[in-house]
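Some notes on the structure that comes next.
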Amino acid sequence: MRRLRSTEPLRNLVRETRLSPSQFILPLFVCPGEGVRREIGSMPGNFQMSVDRIVQECGEVHSLGIGGVILFGLPETKDEIASGGYAEDGIVQKALRAIKREHPKLLAITDVCNCEYTSHGHCGKIVDGDVDNDSTLEWLAAAAVSHARAGADMVAPSDMMDGRVGAIRLALDSHGFEKTPILSYAAKFASAFYGPFREAADSAPQFGDRRSYQMDPANGREAMREIALDLEEGADMIMVKPALAYLDLIAEARRRFDAPLAAYQVSGEYSMIMAAVRNGWIDHDRAMMETLTSIYRAGAGVIVTYFAKPAARLLS
Ligand code: PBG
């Protein structure tokens, strides 16, 4: 077996998995103000940015050949009914209009969820101390339509309510957005690895946790049922999240379903690597490429990752 490993040209020739920047989606956090570019403490190299700075950033992302961006919003104010999430002039909607004006060819996806917009930090409407499923669907559908209206190329629901893909599809179609695809966070687990994101998006739940709606990390078969349901409801693409601790499910989903499959290398996965890098314990570029390659090798053709820019630079 070692003969084909002996030189770089031979290794290049027989490499089975090759990444391209076009497979990466970069998450971006948009905040109010002007000229704001605030580094997220636990996620070095990632920033909360105001609309003007996000537009600049998108220019760089586009020129690196990165597949696209996914937008998260930090609204001016939060309330019980997540109104900032579906307001026509909400923060994500404003950012989208500005991005599409300057960079019409850059793929702009939006995360559709309520947790960044509710005062309690949960992903939906609270009834009797728990997130109510069906009334939350109305907020999600309204958010998706407002994103499409502002120019979103694709919407990505991440809330884990039952029936949300169907509800969003129906709402998009009835508002004239038949062509807007849905990337469903189909198998999304209640994970410790979202910790840094909740600082970045200011979306930590103020009481309890998300285990009554996000999946139990122990359940792989249930993940396949979630994916099957979302595809039935009309999801165009499916996603497994987080990535590295769920490579078995990425591989299983790839075997079972023929829809385009994405995986989300989440904030905690990024922060762990960056923390070890900062301590001089592991090599940044190698750890980054090894994890991205393994996610692709497992079967995810699209990878949402905070490493999109440095990885794209390395690949070009
Ligand atoms: C919104 C959402 C979360 C993430 C993506 N969309 C947070 C959560 O579910 O608590 C996590 C992304 C990351 O950790 O990078 N619901």
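Residues are referred to by chain and number: the chain letter is A, B, ... according to the order shown in the structure tokens, the number counts from 1 in that chain, and ligands are numbered separately from 1 in the order shown.
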*asked:* Could you list, as a list in words, every residue within 10 Å of Ser20 in chain A, counting only C-alpha atoms and ignoring same-chain residues fewer than 5 positions away?
replied: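 Result of the neighbour search: Gly65, Ile66, Gly67, Gly301, Val302, Ala311, Ala312, Leu315 and Ser316 of chain A.
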*Would you mind listing the residues within 10 Å of ligand 1, counting only C-alpha atoms and all ligand atoms, as an NGL selection string?*
:A and (27 or 43 or 70-72 or 110-116 or 121-124 or 156-160 or 185 or 188-205 or 209-210 or 213-214 or 241-242 or 264-271 or 304-306)
*In range 213-279 of chain A, DSSP strand (DSSP E) residues written as a list in words*: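 Restricting range 213-279 of chain A to strand (DSSP E) produces Met237, Ile238, Met239, Val240, Lys241, Leu261, Ala262, Ala263, Tyr264 and Gln265 of chain A.
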_Interatomic distance, CA of Ala228 in chain A to CA of Ala186 in chain A (Å, one decimal)_ =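 If I compute the distance from CA of Ala228 in chain A to CA of Ala186 in chain A, I get 8.7 Å.
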*Neighbour list for Gly90 in chain A as a list in words, cut-off 9 Å, only C-alpha atoms, skip fewer than 5 positions in-chain*: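 The residues satisfying every condition are Gly73, Pro75, Glu76, Ser83, Gly84, Gly85, Ala95 and Ser146 of chain A.
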Mind writing the picked residues with N, CA and C atoms as a short mmCIF file (atom, residue, chain, number, x, y, z; two decimals), in the first residue's frame?
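So the final result, stored in result-v5.cif, reads:
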data_model
loop_
_atom_site.label_atom_id
_atom_site.label_comp_id
_atom_site.auth_asym_id
_atom_site.auth_seq_id
_atom_site.Cartn_x
_atom_site.Cartn_y
_atom_site.Cartn_z
N GLY A 73 -29.30 37.03 12.38
CA GLY A 73 -29.52 38.43 12.75
C GLY A 73 -29.49 38.68 14.24
N PRO A 75 -31.16 41.44 16.32
CA PRO A 75 -32.07 42.57 16.18
C PRO A 75 -31.79 43.66 17.22
N GLU A 76 -32.28 44.85 16.95
CA GLU A 76 -32.17 45.98 17.88
C GLU A 76 -32.84 45.63 19.20
N SER A 83 -40.91 39.39 16.79
CA SER A 83 -41.35 40.19 15.64
C SER A 83 -40.17 40.64 14.76
N GLY A 84 -38.99 40.77 15.36
CA GLY A 84 -37.82 41.15 14.54
C GLY A 84 -37.46 40.11 13.49
N GLY A 85 -37.93 38.91 13.68
CA GLY A 85 -37.60 37.83 12.76
C GLY A 85 -38.36 37.88 11.44
N ALA A 95 -30.05 43.47 5.53
CA ALA A 95 -28.75 42.98 5.06
C ALA A 95 -28.88 42.31 3.69
N SER A 146 -40.68 36.80 4.26
CA SER A 146 -40.02 38.13 4.30
C SER A 146 -38.58 38.03 3.79
#
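Distance check against Gly299 in chain A using only C-alpha atoms: of A:Ala262, A:Met274, A:Ile54, A:Leu314, the minimum falls on A:Ala262.
Distance check against Lys125 in chain A using only C-alpha atoms: of A:Leu74, A:Ala82, A:Ile282, A:Ala308, the minimum falls on A:Ala82.
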*Neighbour list for Gly220 in chain A as a ChimeraX atom specification, cut-off 9 Å, only C-alpha atoms, skip fewer than 4 positions in-chain*: /A:216,224,246,248-249,252
_Please compute the CA of Asp162 in chain A-CA of Ala218 in chain A distance, one decimal, in Å._
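Computing it gives 19.3 Å between the two atoms.
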*Pick out the residues sitting within 8 Å of Ile273 in chain A, and hand them over as a list in words; count only C-alpha atoms, and ignore anything fewer than 5 positions along from it in its own chain.*
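Near Ile273 in chain A, the qualifying residues are Ile282, His284, Ala287 and Met288 of chain A.
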*Just the residues within 12 Å of Met237 in chain A, please, counting only C-alpha atoms, with nothing from its chain fewer than 4 positions along; format it as a PyMOL selection string.*
chain A and resi 154-157+165+180-187+227-228+230-233+253-254+257-263+300-302
*Could you jot down the CA of Pro104 in chain A to CA of Gly151 in chain A separation for me, Å, one decimal place?*
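Those two atoms sit 9.2 Å apart.
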When DSSP works through the backbone of this structure, what residues of range 113-311 of chain A end up as helix (DSSP H, G or I), shown as a tab-separated table (two decimals) with C-alpha atoms, in the first residue's frame?
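Final output, part.tsv:
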chain	number	residue	atom	x	y	z
A	133	ASN	CA	-45.38	23.81	17.79
A	134	ASP	CA	-48.17	24.97	15.52
A	135	SER	CA	-48.36	28.64	16.49
A	136	THR	CA	-44.59	28.85	15.97
A	137	LEU	CA	-45.05	27.66	12.38
A	138	GLU	CA	-46.81	30.93	11.57
A	139	TRP	CA	-43.80	33.00	12.66
A	140	LEU	CA	-41.45	30.77	10.69
A	141	ALA	CA	-43.55	30.94	7.54
A	142	ALA	CA	-43.77	34.74	7.84
A	143	ALA	CA	-39.99	34.98	8.34
A	144	ALA	CA	-39.29	32.78	5.31
A	145	VAL	CA	-41.61	34.86	3.10
A	146	SER	CA	-40.02	38.13	4.30
A	147	HIS	CA	-36.56	36.71	3.52
A	148	ALA	CA	-37.64	35.64	0.05
A	149	ARG	CA	-39.13	39.08	-0.54
A	164	ARG	CA	-42.26	23.55	9.42
A	165	VAL	CA	-40.94	22.59	6.01
A	166	GLY	CA	-44.48	21.99	4.74
A	167	ALA	CA	-45.73	25.21	6.30
A	168	ILE	CA	-42.87	27.25	4.81
A	169	ARG	CA	-43.30	25.64	1.37
A	170	LEU	CA	-47.01	26.47	1.39
A	171	ALA	CA	-46.39	30.07	2.46
A	172	LEU	CA	-43.62	30.63	-0.10
A	173	ASP	CA	-45.74	29.20	-2.91
A	174	SER	CA	-48.80	31.23	-2.00
A	192	ALA	CA	-23.26	21.32	23.62
A	193	PHE	CA	-21.32	22.45	20.57
A	194	TYR	CA	-23.67	25.40	19.92
A	195	GLY	CA	-22.27	27.23	22.97
A	196	PRO	CA	-20.13	29.83	21.18
A	197	PHE	CA	-22.87	30.53	18.62
A	198	ARG	CA	-25.23	31.57	21.36
A	199	GLU	CA	-22.72	34.23	22.35
A	200	ALA	CA	-22.30	35.22	18.70
A	220	GLY	CA	-29.64	7.92	14.83
A	221	ARG	CA	-32.71	6.11	13.52
A	222	GLU	CA	-34.90	9.02	14.55
A	223	ALA	CA	-32.62	11.31	12.52
A	224	MET	CA	-33.45	9.28	9.40
A	225	ARG	CA	-37.17	9.68	10.13
A	226	GLU	CA	-36.72	13.45	10.51
A	227	ILE	CA	-34.97	13.62	7.14
A	228	ALA	CA	-37.59	11.46	5.41
A	229	LEU	CA	-40.39	13.65	6.76
A	230	ASP	CA	-38.71	16.88	5.68
A	231	LEU	CA	-38.21	15.52	2.16
A	232	GLU	CA	-41.87	14.51	2.03
A	233	GLU	CA	-42.83	18.01	3.11
A	244	LEU	CA	-17.97	15.88	13.45
A	245	ALA	CA	-19.80	14.03	16.22
A	246	TYR	CA	-22.42	12.85	13.70
A	247	LEU	CA	-20.34	11.59	10.76
A	248	ASP	CA	-22.09	8.22	11.01
A	249	LEU	CA	-25.42	9.93	10.36
A	250	ILE	CA	-24.03	11.95	7.45
A	251	ALA	CA	-22.86	8.67	5.89
A	252	GLU	CA	-26.18	6.95	6.60
A	253	ALA	CA	-28.18	9.87	5.17
A	254	ARG	CA	-25.98	9.84	2.05
A	255	ARG	CA	-26.73	6.12	1.55
A	256	ARG	CA	-30.47	6.44	2.09
A	267	SER	CA	-19.42	27.01	16.40
A	268	GLY	CA	-18.10	24.67	19.11
A	269	GLU	CA	-16.33	22.53	16.54
A	270	TYR	CA	-14.62	25.67	15.25
A	271	SER	CA	-13.83	27.06	18.70
A	272	MET	CA	-12.26	23.82	19.92
A	273	ILE	CA	-9.85	23.77	17.03
A	274	MET	CA	-9.06	27.46	17.39
A	275	ALA	CA	-8.46	27.12	21.13
A	276	ALA	CA	-6.03	24.26	20.57
A	277	VAL	CA	-4.34	26.20	17.78
A	278	ARG	CA	-3.90	29.21	20.07
A	284	HIS	CA	-4.51	25.23	12.17
A	285	ASP	CA	-4.42	24.44	8.48
A	286	ARG	CA	-4.08	20.70	8.87
A	287	ALA	CA	-6.78	20.37	11.53
A	288	MET	CA	-9.11	22.57	9.47
A	289	MET	CA	-8.61	20.61	6.25
A	290	GLU	CA	-8.72	17.23	7.97
A	291	THR	CA	-12.10	17.95	9.55
A	292	LEU	CA	-13.57	19.46	6.38
A	293	THR	CA	-12.30	16.54	4.30
A	294	SER	CA	-13.76	14.01	6.71
A	295	ILE	CA	-17.18	15.71	6.62
A	296	TYR	CA	-17.12	15.62	2.81
A	297	ARG	CA	-15.79	12.05	2.75
A	298	ALA	CA	-18.66	10.99	5.03
A	308	ALA	CA	-14.85	28.91	4.77
A	309	LYS	CA	-12.46	31.82	4.15
A	310	PRO	CA	-9.16	30.33	5.35
A	311	ALA	CA	-10.01	26.98	3.75
*Quick one: of A:Ser212, A:Gln48, A:Ser63, A:Ser42, who's nearest to Ser22 in chain A, counting only C-alpha atoms?*
A:Ser63
